[in-house]
Amino acid sequence: MAEIILRWLSFLLATLALVRLLPMTPPERWVAACFASSFIIFLARCPTIRMRGAAVLLGLLISALYADARHAGARDWFACALIGLGAASIIVALSAVAMRGDQEMQSLRTAAVTSLFPAKTYLGLLMLSWASTRTPDTYDRVLSAIDYRLHGNVSFDVAVWVRRTTWGIPWVAIAYDLLPVAVMLVAAARWRRFRDRDPFSVPLAAAVAAAVGVAAYFLVPAAGPVFYWQGRFPSQPPALTELSFRPSAAPDASFRNAMPSLHFSGALLVAIGSWPFGWPGRLFGIAVVGMTFVATLATGQHYLIDLLVAIPFVLTVYAALAERKKLLPAAIAGLTTLACLLTIRYAPEVFEQRIVAWSIVLVALTLPIVAFMPRSFGVGRGS
């Protein structure tokens, strides 16, 4: 009896928290994408048509109430609808956990994965806001200097190139915002194929990467070129004389979420997760990686070095969480990632010579990959 009461109490508290947070949540595209990901994975994992119907009806009601609370216009209607459907999916999934039954553990997992990206959004905003107050000095100038040694002002150059192309800005912004949808599309496809026998959980990997990544943001705090250089991005890149290998005060309280890039990490997880689905899946994963690579730079959210360090970082997460544990590759990739972060924080001057900078990057990229070579890269049956 006590267990049942606890379950229903948890359900009510979680539902009330969601209801309280929704009116304060802006109907922006990236928020809508996070809630849309909840609806996608809920539809894939939901066991009954009745529950799906309940989520849709409740979602339409929440959408209307949310749009009214936010005074949303016609332009925001689609975002409001996605947010409402995602919120309803979370509530219905949590209600299944509250009900005692034979599928108790399965319901708990469904509720957890359905809540993943909205929970990451709220918790991430809270943690990143706190991190901004704790780290007034950032490594943006340092990362800009490292990028300059590697290949000039890469993010500035990519942003200028994109702005000169037809429809450049809209597609990179969409590609950046819709990553949660890509992650959950792959997760839904893997659930359909493997069910509980999935040898690699993409949502779990995304959650672990987010938790570890937030910790890394305290080690090498950075906001990103569009926030640090502000109005100068992308038309007025910094000259070499403006760069240094010392942290400096950030011009505002922007989030410190640049190093390593969790966005690019998520794209790499999409590529790994889609590998078992043959060439269609692999092409989808490669396309997501390519578009995210361009989008993270063109929007000024990240530096080139952020994306490069994300590669051994993701290999660490994959090796640690795959069904067939790869402990040695995980240790090598993890130590490589940590060594990069520590070097950037405590000895960034080693990047001053271009040949040394590229040597460090090449070692950081090849060492974890070589550690995997004697082993299988398979991430699913049939891969």
# chains A, B, ... in the order shown; residues from 1 in each chain; ligands from 1
>>> residues_around(residues="Cys340 of chain A", least_positions_apart="6", cutoff="9 Å", atoms="only C-alpha atoms", output="JSON, numbers by chain")
{"A": [309, 360, 361, 364]}
>>> select_by_dssp(residues="segment 129-319 of chain A", states="strand (DSSP E)", output="PyMOL selection string")
chain A and resi 137-138+248-249
